[in-house]
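Listing of query09.txt; format and content: compact mmCIF, C-alpha atoms.
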```txt
# COMPACT_ATOMS: atom_id res chain seq x y z
CA MET A 1 -24.07 -19.91 -12.29
CA ARG A 2 -23.82 -19.02 -8.60
CA ILE A 3 -21.93 -15.75 -8.18
CA LEU A 4 -20.70 -14.19 -4.93
CA LEU A 5 -20.45 -10.42 -5.44
CA PHE A 6 -18.53 -8.21 -3.02
CA GLY A 7 -19.51 -4.55 -3.32
CA ALA A 8 -22.96 -5.39 -4.65
CA THR A 9 -24.58 -1.98 -4.04
CA GLY A 10 -21.86 0.26 -5.52
CA MET A 11 -22.15 2.12 -8.80
CA ILE A 12 -20.60 -0.76 -10.73
CA GLY A 13 -21.48 -3.63 -8.43
CA SER A 14 -25.19 -2.87 -8.58
CA ARG A 15 -25.11 -2.99 -12.39
CA ILE A 16 -23.25 -6.29 -12.32
CA ALA A 17 -25.85 -7.74 -9.96
CA ALA A 18 -28.67 -6.55 -12.22
CA GLU A 19 -27.04 -7.82 -15.42
CA ALA A 20 -26.21 -11.23 -13.98
CA GLY A 21 -29.68 -11.54 -12.47
CA GLU A 22 -31.33 -10.69 -15.77
CA ARG A 23 -29.41 -13.55 -17.39
CA GLY A 24 -30.68 -16.02 -14.82
CA HIS A 25 -27.60 -16.29 -12.64
CA GLU A 26 -27.93 -16.55 -8.87
CA VAL A 27 -26.16 -13.59 -7.26
CA THR A 28 -25.28 -13.44 -3.58
CA GLY A 29 -24.60 -9.78 -2.82
CA VAL A 30 -22.20 -8.81 -0.05
CA THR A 31 -21.49 -5.37 1.43
CA ARG A 32 -19.80 -4.15 4.58
CA SER A 33 -23.09 -2.70 5.87
CA GLY A 34 -25.49 -5.43 4.76
CA LYS A 35 -27.89 -2.88 3.28
CA ASP A 36 -30.46 -3.44 0.54
CA GLY A 37 -30.80 -7.15 1.19
CA THR A 38 -27.09 -7.97 0.96
CA LEU A 39 -25.07 -10.03 3.40
CA ALA A 40 -22.94 -8.02 5.81
CA ALA A 41 -19.29 -9.07 5.71
CA ASP A 42 -15.73 -7.78 5.67
CA ALA A 43 -14.01 -8.92 2.46
CA SER A 44 -10.61 -8.65 4.12
CA ASP A 45 -11.53 -11.51 6.48
CA ALA A 46 -10.43 -14.68 4.70
CA ASP A 47 -12.44 -16.94 7.01
CA THR A 48 -15.62 -15.04 6.20
CA VAL A 49 -14.86 -15.02 2.48
CA ALA A 50 -14.28 -18.77 2.53
CA ARG A 51 -17.55 -19.40 4.34
CA LEU A 52 -19.57 -17.21 1.96
CA ALA A 53 -17.85 -18.41 -1.21
CA ALA A 54 -18.41 -22.11 -0.52
CA GLY A 55 -20.75 -23.58 -3.11
CA HIS A 56 -20.39 -20.68 -5.57
CA ASP A 57 -19.03 -20.98 -9.09
CA ALA A 58 -17.35 -17.58 -9.17
CA VAL A 59 -16.47 -14.60 -7.01
CA VAL A 60 -16.58 -11.00 -8.23
CA LEU A 61 -14.70 -8.32 -6.30
CA ALA A 62 -16.22 -4.88 -6.90
CA VAL A 63 -15.00 -3.07 -3.78
CA SER A 64 -13.78 0.52 -4.15
CA PRO A 65 -10.81 1.85 -2.14
CA PRO A 66 -11.16 4.88 0.14
CA ARG A 67 -10.97 8.15 -1.77
CA GLY A 68 -8.02 9.71 0.00
CA GLY A 69 -4.88 9.14 2.00
CA ILE A 70 -2.16 6.54 1.86
CA GLU A 71 -4.49 4.14 3.66
CA ALA A 72 -6.39 3.65 0.39
CA THR A 73 -3.79 1.24 -0.94
CA GLU A 74 -3.39 -0.82 2.23
CA SER A 75 -7.16 -0.98 2.72
CA LEU A 76 -7.73 -2.38 -0.77
CA LEU A 77 -4.77 -4.74 -0.50
CA GLU A 78 -6.19 -6.16 2.73
CA VAL A 79 -9.40 -6.88 0.84
CA GLY A 80 -7.46 -8.43 -2.03
CA ARG A 81 -5.49 -10.70 0.29
CA GLY A 82 -8.62 -11.73 2.16
CA VAL A 83 -10.46 -12.60 -1.04
CA LEU A 84 -7.55 -14.53 -2.58
CA ASP A 85 -7.08 -16.56 0.58
CA GLY A 86 -10.80 -17.06 1.09
CA VAL A 87 -11.64 -18.28 -2.42
CA ARG A 88 -8.80 -20.79 -2.20
CA ARG A 89 -10.10 -22.17 1.07
CA ALA A 90 -13.58 -22.43 -0.45
CA GLY A 91 -12.29 -24.26 -3.52
CA VAL A 92 -13.55 -21.56 -5.90
CA ARG A 93 -11.18 -21.03 -8.84
CA ARG A 94 -12.94 -18.27 -10.82
CA LEU A 95 -12.32 -14.69 -9.68
CA VAL A 96 -13.14 -11.49 -11.56
CA VAL A 97 -11.88 -8.18 -10.18
CA VAL A 98 -13.47 -4.84 -11.03
CA GLY A 99 -10.33 -2.84 -11.65
CA GLY A 100 -9.28 0.67 -12.45
CA ALA A 101 -7.65 2.39 -15.42
CA GLY A 102 -4.40 3.31 -13.64
CA SER A 103 -2.42 0.31 -14.92
CA LEU A 104 -3.32 1.02 -18.55
CA GLU A 105 -0.78 2.65 -20.85
CA VAL A 106 -1.38 5.93 -22.67
CA SER A 107 1.73 5.13 -24.72
CA PRO A 108 4.17 2.20 -24.57
CA GLY A 109 5.59 2.07 -21.05
CA ALA A 110 3.69 5.16 -19.82
CA ARG A 111 0.83 4.28 -17.48
CA VAL A 112 -2.22 6.40 -16.74
CA VAL A 113 -1.26 6.62 -13.06
CA ASP A 114 2.14 8.12 -14.01
CA THR A 115 0.74 10.75 -16.38
CA PRO A 116 2.24 14.20 -15.61
CA GLY A 117 -0.38 16.52 -14.16
CA PHE A 118 -2.68 13.72 -12.99
CA PRO A 119 -4.93 15.31 -10.32
CA GLU A 120 -3.25 14.78 -6.96
CA ASP A 121 -6.51 14.29 -5.07
CA ALA A 122 -7.51 11.48 -7.43
CA LEU A 123 -4.26 9.54 -7.09
CA PRO A 124 -4.86 7.50 -3.86
CA PRO A 125 -7.67 5.27 -5.21
CA VAL A 126 -5.94 4.96 -8.59
CA ARG A 127 -2.70 3.85 -6.97
CA ALA A 128 -4.68 1.46 -4.78
CA GLN A 129 -6.19 -0.22 -7.83
CA VAL A 130 -2.77 -0.51 -9.47
CA ALA A 131 -1.48 -2.22 -6.31
CA LEU A 132 -4.47 -4.59 -6.31
CA PHE A 133 -3.79 -5.58 -9.91
CA GLU A 134 -0.15 -6.28 -9.08
CA LEU A 135 -1.17 -8.34 -6.04
CA VAL A 136 -3.48 -10.53 -8.10
CA ARG A 137 -1.08 -10.78 -11.04
CA ASP A 138 1.81 -11.88 -8.83
CA ASN A 139 -0.04 -14.15 -6.39
CA ALA A 140 -2.95 -15.89 -8.12
CA ASP A 141 -1.48 -18.23 -10.72
CA ASP A 142 -3.48 -21.05 -9.18
CA LEU A 143 -6.77 -19.22 -9.83
CA GLU A 144 -8.66 -18.42 -13.02
CA TRP A 145 -8.63 -14.66 -12.45
CA THR A 146 -9.47 -11.72 -14.66
CA TYR A 147 -8.78 -8.09 -13.78
CA LEU A 148 -11.28 -6.04 -15.81
CA SER A 149 -10.12 -2.46 -16.36
CA PRO A 150 -12.61 0.23 -17.37
CA PRO A 151 -11.54 3.20 -19.52
CA ALA A 152 -10.67 6.65 -18.19
CA VAL A 153 -14.35 7.51 -17.67
CA ILE A 154 -17.08 5.15 -16.48
CA THR A 155 -20.47 6.59 -15.58
CA PRO A 156 -24.08 5.40 -15.37
CA GLY A 157 -25.77 5.48 -18.76
CA GLU A 158 -27.35 3.31 -21.42
CA ARG A 159 -27.01 -0.42 -21.84
CA THR A 160 -26.18 -0.95 -25.52
CA GLY A 161 -24.42 -4.31 -25.24
CA ALA A 162 -21.56 -2.91 -27.34
CA TYR A 163 -17.94 -2.67 -26.19
CA ARG A 164 -14.39 -3.40 -27.30
CA THR A 165 -11.75 -5.37 -25.44
CA GLY A 166 -8.04 -4.72 -25.28
CA ASP A 167 -5.12 -5.31 -22.98
CA HIS A 168 -2.78 -2.72 -21.47
CA GLN A 169 -3.26 0.10 -24.00
CA LEU A 170 -5.95 2.66 -23.08
CA LEU A 171 -8.75 2.54 -25.64
CA SER A 172 -10.58 5.61 -26.95
CA ASP A 173 -13.23 6.25 -29.58
CA GLY A 174 -12.95 8.18 -32.82
CA GLU A 175 -13.24 11.48 -30.96
CA GLY A 176 -10.51 10.62 -28.48
CA ASN A 177 -12.87 9.83 -25.61
CA SER A 178 -12.02 6.89 -23.37
CA HIS A 179 -15.31 5.91 -21.77
CA ILE A 180 -18.02 3.32 -21.17
CA SER A 181 -21.29 3.19 -19.27
CA THR A 182 -21.47 1.18 -16.08
CA GLU A 183 -24.23 -0.83 -17.72
CA ASP A 184 -22.05 -1.90 -20.67
CA TYR A 185 -19.09 -2.55 -18.37
CA ALA A 186 -21.39 -4.95 -16.50
CA VAL A 187 -22.32 -6.60 -19.81
CA ALA A 188 -18.64 -7.18 -20.55
CA LEU A 189 -17.96 -8.56 -17.09
CA VAL A 190 -20.84 -11.03 -17.12
CA ASP A 191 -19.93 -12.04 -20.69
CA GLU A 192 -16.45 -12.95 -19.45
CA LEU A 193 -17.86 -14.80 -16.44
CA GLN A 194 -19.93 -16.92 -18.80
CA ARG A 195 -17.20 -17.50 -21.39
CA GLY A 196 -14.14 -17.78 -19.17
CA GLU A 197 -11.84 -17.12 -22.12
CA LEU A 198 -9.67 -14.25 -20.80
CA THR A 199 -8.08 -15.58 -17.65
CA ARG A 200 -4.89 -14.81 -15.74
CA ARG A 201 -4.61 -11.39 -17.36
CA LEU A 202 -5.75 -7.79 -17.32
CA VAL A 203 -8.58 -7.13 -19.77
CA HIS A 204 -9.54 -3.59 -20.77
CA VAL A 205 -13.08 -2.78 -21.98
CA ALA A 206 -14.26 0.47 -23.54
CA TYR A 207 -16.29 1.87 -26.42
```

What is this structure when it is put down as C-alpha cells?
Amino acid sequence: MRILLFGATGMIGSRIAAEAGERGHEVTGVTRSGKDGTLAADASDADTVARLAAGHDAVVLAVSPPRGGIEATESLLEVGRGVLDGVRRAGVRRLVVVGGAGSLEVSPGARVVDTPGFPEDALPPVRAQVALFELVRDNADDLEWTYLSPPAVITPGERTGAYRTGDHQLLSDGEGNSHISTEDYAVALVDELQRGELTRRLVHVAY
C-alpha cells in the first residue's frame, strides 16, 4: 500500500510511519518544514495535497493544531478542508484522520470537551480536533474516511499490539485509566488501513 502521511515526524505520525514501514507499506512523509527526509508542504493547500496524493492508496492526516488561542480551530480546519479537497482531486478515496479524545463521551451526551473543570489552557487544541471531526463527518460522505480517536492519555511507550476499539464512549481499563501508547495507537491505525472495515465513522482505540 502507498500511504501519504501528513505530520510524519510528530509524536504519533512518526510511530505510524515506523509501523507502516515495518509492515512493508510505502510511506511518503510530509511535514511543513520538510525535515528528516520528508517532503515540505502545506496541508491546507488543496492543489499541493492533490499533487502529492496522486498515485497513493490512502492518505493519513496526523497534523496537530496549535496549542493555544482561538486560531487553533481555524488553523486545523484549514488543513482539513485542504486535505478533503486535495484527496478528491487526486482520486484517493481512503482517508484516516488522527483525532483527539474531545468528541468522546464520558457519559451519554456528555463529551470530554464539555467536562466541568477541564483545564482552560488545554481547551484550544481539543476544541480544534472536535471541529475537525465535525468537518469530516459532515462533508466527506463520498470518501472512505475514519476518524481515529485516542483515549484521554496517549504517550510514547511499549508496542504490545493489544488494544480495544469502541465508538463514542470513552474507554478505560480496570483501574479507571483511559490510555494507550503511541506505538499501539499506530498499530490500530495501520490495522484499520489494511482492513478498511470501519469507515465513515469515529473509531475510538484504547487499552

Give me the segment 123-157 of chain A side of the contact with segment 168-188 of chain A, cut-off 8 Å, one line per residue showing its nearest atom pair and distance in Å at one decimal, counting all atoms listed in the file, sorted by chain and residue number, as JSON lines.
```
{"residue": "A:Pro150", "atom": "CA", "partner": "A:Tyr185", "partner_atom": "CA", "distance": 7.1}
{"residue": "A:Pro151", "atom": "CA", "partner": "A:His179", "partner_atom": "CA", "distance": 5.2}
{"residue": "A:Ala152", "atom": "CA", "partner": "A:Ser178", "partner_atom": "CA", "distance": 5.4}
{"residue": "A:Val153", "atom": "CA", "partner": "A:His179", "partner_atom": "CA", "distance": 4.5}
{"residue": "A:Ile154", "atom": "CA", "partner": "A:Ile180", "partner_atom": "CA", "distance": 5.1}
{"residue": "A:Thr155", "atom": "CA", "partner": "A:Ser181", "partner_atom": "CA", "distance": 5.1}
{"residue": "A:Pro156", "atom": "CA", "partner": "A:Thr182", "partner_atom": "CA", "distance": 5.0}
{"residue": "A:Gly157", "atom": "CA", "partner": "A:Ser181", "partner_atom": "CA", "distance": 5.1}
```

Please produce an output containing C-alpha atoms for each residue in the selection, written as an mmCIF file, in the frame of the given file.
```cif
data_model
loop_
_atom_site.group_PDB
_atom_site.id
_atom_site.type_symbol
_atom_site.label_atom_id
_atom_site.label_comp_id
_atom_site.auth_asym_id
_atom_site.auth_seq_id
_atom_site.Cartn_x
_atom_site.Cartn_y
_atom_site.Cartn_z
ATOM 1 C CA PRO A 150 -12.610 0.230 -17.370
ATOM 2 C CA PRO A 151 -11.540 3.200 -19.520
ATOM 3 C CA ALA A 152 -10.670 6.650 -18.190
ATOM 4 C CA VAL A 153 -14.350 7.510 -17.670
ATOM 5 C CA ILE A 154 -17.080 5.150 -16.480
ATOM 6 C CA THR A 155 -20.470 6.590 -15.580
ATOM 7 C CA PRO A 156 -24.080 5.400 -15.370
ATOM 8 C CA GLY A 157 -25.770 5.480 -18.760
#
```

How many Å separate atom CA of Gly34 of chain A from atom CA of Arg67 of chain A? 20.9 Å

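Of the listed residues (A:Leu84, A:Val27, A:Val59, A:Leu4), A:Leu84 comes nearest to Arg137 of chain A; the distances count all atoms listed in the file.
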
At a cut-off of 9 Å from (-10.9, -10.5, -20.6) in the coordinates of the file, what residues are picked up using all atoms listed in the file, written as JSON, numbers by chain? {"A": [146, 147, 148, 165, 166, 167, 188, 189, 192, 196, 197, 198, 199, 200, 201, 202, 203, 204, 205]}

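Residue nearest Met11 of chain A within the list A:Ser64, A:Thr28, A:Thr115, A:Thr48: A:Ser64 [criterion: smallest interatomic distance, all atoms listed in the file].
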
Excluding Leu61 of chain A and its own-chain neighbours fewer than 4 positions away, which residues fall within 10 Å of it when counting only C-alpha atoms? Please give them as a PDB file with C-alpha atoms, in the coordinates of the input.
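In the end it all went to result27.pdb:
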```
ATOM      1  CA  LEU A   4     -20.700 -14.190  -4.930  1.00  0.00           C
ATOM      2  CA  LEU A   5     -20.450 -10.420  -5.440  1.00  0.00           C
ATOM      3  CA  PHE A   6     -18.530  -8.210  -3.020  1.00  0.00           C
ATOM      4  CA  GLY A   7     -19.510  -4.550  -3.320  1.00  0.00           C
ATOM      5  CA  ALA A   8     -22.960  -5.390  -4.650  1.00  0.00           C
ATOM      6  CA  GLY A  13     -21.480  -3.630  -8.430  1.00  0.00           C
ATOM      7  CA  VAL A  30     -22.200  -8.810  -0.050  1.00  0.00           C
ATOM      8  CA  ALA A  43     -14.010  -8.920   2.460  1.00  0.00           C
ATOM      9  CA  VAL A  79      -9.400  -6.880   0.840  1.00  0.00           C
ATOM     10  CA  GLY A  80      -7.460  -8.430  -2.030  1.00  0.00           C
ATOM     11  CA  VAL A  83     -10.460 -12.600  -1.040  1.00  0.00           C
ATOM     12  CA  LEU A  95     -12.320 -14.690  -9.680  1.00  0.00           C
ATOM     13  CA  VAL A  96     -13.140 -11.490 -11.560  1.00  0.00           C
ATOM     14  CA  VAL A  97     -11.880  -8.180 -10.180  1.00  0.00           C
ATOM     15  CA  VAL A  98     -13.470  -4.840 -11.030  1.00  0.00           C
ATOM     16  CA  GLY A  99     -10.330  -2.840 -11.650  1.00  0.00           C
ATOM     17  CA  TYR A 147      -8.780  -8.090 -13.780  1.00  0.00           C
TER      18      TYR A 147
END
```

Of the listed residues A:Gly21, A:Thr9, A:Arg93, A:Ala46, that which approaches Ser33 of chain A most closely, counting all atoms listed in the file: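 Distance minimum relative to Ser33 of chain A lands on A:Thr9.
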
Point-to-point distance from atom CA of Asp42 of chain A to atom CA of Glu78 of chain A, Å rounded to tenths: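 Distance between the two atoms: 10.1 Å.
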
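Shortest atom-to-atom contact with Ala131 of chain A among A:Pro108, A:Pro116, A:Gly86, A:Pro65: A:Pro65, counting all atoms listed in the file.
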
Quick one: residues within 9 Å of Ala90 of chain A, all atoms listed in the file, excluding same-chain residues fewer than 3 positions away - as a ChimeraX atom specification? /A:49-56,85-87,93

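Using all atoms listed in the file for every distance, the candidate list A:Ala206, A:Leu135, A:Ile16, A:Ala72 yields A:Ala206 as the residue closest to Ser149 of chain A.
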
Quick one, how far is atom CA of Ala58 of chain A from atom CA of Leu193 of chain A?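 Calculated distance between atom CA of Ala58 of chain A and atom CA of Leu193 of chain A is 7.8 Å.
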
Starting from 5 Å padding per side, set up an axis-aligned box that covers all listed atoms of segment 80-92 of chain A and hand over centre and edge lengths in Å, one decimal, as JSON.
```
{"center_x": -9.5, "center_y": -16.3, "center_z": -1.9, "size_x": 18.1, "size_y": 25.8, "size_z": 18.1}
```

Compare A:Val112, A:Ala128, A:Ala17, A:Ala41 by their minimum atom-to-atom distance to Ser75 of chain A, counting only C-alpha atoms, and give me the closest one.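 Among the listed residues, the smallest separation from Ser75 of chain A belongs to A:Ala128.
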
Just add all heavy atoms to segment 43-54 of chain A and send it as a PDB file, in the frame of the given file.
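In the end it all went to result-v2.pdb:
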```pdb
ATOM      1  N   ALA A  43     -14.704  -8.139   3.485  1.00  0.00           N
ATOM      2  CA  ALA A  43     -14.010  -8.920   2.460  1.00  0.00           C
ATOM      3  C   ALA A  43     -12.545  -9.150   2.779  1.00  0.00           C
ATOM      4  O   ALA A  43     -11.899  -9.982   2.128  1.00  0.00           O
ATOM      5  CB  ALA A  43     -14.147  -8.238   1.101  1.00  0.00           C
ATOM      6  N   SER A  44     -11.999  -8.429   3.745  1.00  0.00           N
ATOM      7  CA  SER A  44     -10.610  -8.650   4.120  1.00  0.00           C
ATOM      8  C   SER A  44     -10.440  -9.828   5.075  1.00  0.00           C
ATOM      9  O   SER A  44      -9.319 -10.242   5.364  1.00  0.00           O
ATOM     10  CB  SER A  44     -10.015  -7.388   4.749  1.00  0.00           C
ATOM     11  OG  SER A  44     -10.646  -7.102   5.990  1.00  0.00           O
ATOM     12  N   ASP A  45     -11.549 -10.378   5.556  1.00  0.00           N
ATOM     13  CA  ASP A  45     -11.530 -11.510   6.480  1.00  0.00           C
ATOM     14  C   ASP A  45     -11.611 -12.808   5.679  1.00  0.00           C
ATOM     15  O   ASP A  45     -12.675 -13.182   5.179  1.00  0.00           O
ATOM     16  CB  ASP A  45     -12.700 -11.406   7.455  1.00  0.00           C
ATOM     17  CG  ASP A  45     -12.675 -12.472   8.531  1.00  0.00           C
ATOM     18  OD1 ASP A  45     -12.195 -13.590   8.257  1.00  0.00           O
ATOM     19  OD2 ASP A  45     -13.150 -12.196   9.653  1.00  0.00           O
ATOM     20  N   ALA A  46     -10.488 -13.485   5.534  1.00  0.00           N
ATOM     21  CA  ALA A  46     -10.430 -14.680   4.700  1.00  0.00           C
ATOM     22  C   ALA A  46     -11.375 -15.782   5.174  1.00  0.00           C
ATOM     23  O   ALA A  46     -11.959 -16.502   4.360  1.00  0.00           O
ATOM     24  CB  ALA A  46      -8.999 -15.209   4.633  1.00  0.00           C
ATOM     25  N   ASP A  47     -11.533 -15.927   6.488  1.00  0.00           N
ATOM     26  CA  ASP A  47     -12.440 -16.940   7.010  1.00  0.00           C
ATOM     27  C   ASP A  47     -13.877 -16.681   6.557  1.00  0.00           C
ATOM     28  O   ASP A  47     -14.596 -17.600   6.156  1.00  0.00           O
ATOM     29  CB  ASP A  47     -12.381 -16.991   8.536  1.00  0.00           C
ATOM     30  CG  ASP A  47     -11.061 -17.532   9.059  1.00  0.00           C
ATOM     31  OD1 ASP A  47     -10.387 -18.277   8.312  1.00  0.00           O
ATOM     32  OD2 ASP A  47     -10.706 -17.225  10.207  1.00  0.00           O
ATOM     33  N   THR A  48     -14.274 -15.412   6.625  1.00  0.00           N
ATOM     34  CA  THR A  48     -15.620 -15.040   6.200  1.00  0.00           C
ATOM     35  C   THR A  48     -15.798 -15.237   4.706  1.00  0.00           C
ATOM     36  O   THR A  48     -16.826 -15.756   4.241  1.00  0.00           O
ATOM     37  CB  THR A  48     -15.910 -13.573   6.568  1.00  0.00           C
ATOM     38  OG1 THR A  48     -15.824 -13.417   7.989  1.00  0.00           O
ATOM     39  CG2 THR A  48     -17.286 -13.147   6.104  1.00  0.00           C
ATOM     40  N   VAL A  49     -14.793 -14.835   3.929  1.00  0.00           N
ATOM     41  CA  VAL A  49     -14.860 -15.020   2.480  1.00  0.00           C
ATOM     42  C   VAL A  49     -15.003 -16.494   2.134  1.00  0.00           C
ATOM     43  O   VAL A  49     -15.822 -16.875   1.293  1.00  0.00           O
ATOM     44  CB  VAL A  49     -13.621 -14.422   1.790  1.00  0.00           C
ATOM     45  CG1 VAL A  49     -13.612 -14.769   0.297  1.00  0.00           C
ATOM     46  CG2 VAL A  49     -13.578 -12.911   1.973  1.00  0.00           C
ATOM     47  N   ALA A  50     -14.226 -17.333   2.799  1.00  0.00           N
ATOM     48  CA  ALA A  50     -14.280 -18.770   2.530  1.00  0.00           C
ATOM     49  C   ALA A  50     -15.667 -19.340   2.838  1.00  0.00           C
ATOM     50  O   ALA A  50     -16.207 -20.146   2.072  1.00  0.00           O
ATOM     51  CB  ALA A  50     -13.214 -19.499   3.339  1.00  0.00           C
ATOM     52  N   ARG A  51     -16.225 -18.916   3.951  1.00  0.00           N
ATOM     53  CA  ARG A  51     -17.550 -19.400   4.340  1.00  0.00           C
ATOM     54  C   ARG A  51     -18.615 -18.979   3.326  1.00  0.00           C
ATOM     55  O   ARG A  51     -19.464 -19.785   2.923  1.00  0.00           O
ATOM     56  CB  ARG A  51     -17.915 -18.878   5.727  1.00  0.00           C
ATOM     57  CG  ARG A  51     -19.321 -19.232   6.192  1.00  0.00           C
ATOM     58  CD  ARG A  51     -19.554 -18.800   7.624  1.00  0.00           C
ATOM     59  NE  ARG A  51     -19.301 -17.379   7.835  1.00  0.00           N
ATOM     60  CZ  ARG A  51     -20.177 -16.413   7.543  1.00  0.00           C
ATOM     61  NH1 ARG A  51     -21.362 -16.721   6.997  1.00  0.00           N
ATOM     62  NH2 ARG A  51     -19.885 -15.148   7.778  1.00  0.00           N
ATOM     63  N   LEU A  52     -18.568 -17.718   2.900  1.00  0.00           N
ATOM     64  CA  LEU A  52     -19.570 -17.210   1.960  1.00  0.00           C
ATOM     65  C   LEU A  52     -19.378 -17.769   0.555  1.00  0.00           C
ATOM     66  O   LEU A  52     -20.344 -18.004  -0.169  1.00  0.00           O
ATOM     67  CB  LEU A  52     -19.535 -15.692   1.920  1.00  0.00           C
ATOM     68  CG  LEU A  52     -19.923 -14.953   3.202  1.00  0.00           C
ATOM     69  CD1 LEU A  52     -19.779 -13.446   3.007  1.00  0.00           C
ATOM     70  CD2 LEU A  52     -21.360 -15.291   3.611  1.00  0.00           C
ATOM     71  N   ALA A  53     -18.127 -17.975   0.164  1.00  0.00           N
ATOM     72  CA  ALA A  53     -17.850 -18.410  -1.210  1.00  0.00           C
ATOM     73  C   ALA A  53     -18.142 -19.883  -1.435  1.00  0.00           C
ATOM     74  O   ALA A  53     -18.343 -20.310  -2.582  1.00  0.00           O
ATOM     75  CB  ALA A  53     -16.395 -18.120  -1.553  1.00  0.00           C
ATOM     76  N   ALA A  54     -18.184 -20.659  -0.374  1.00  0.00           N
ATOM     77  CA  ALA A  54     -18.410 -22.110  -0.520  1.00  0.00           C
ATOM     78  C   ALA A  54     -19.694 -22.370  -1.311  1.00  0.00           C
ATOM     79  O   ALA A  54     -20.744 -21.789  -1.034  1.00  0.00           O
ATOM     80  CB  ALA A  54     -18.505 -22.756   0.860  1.00  0.00           C
TER      81      ALA A  54
END
```
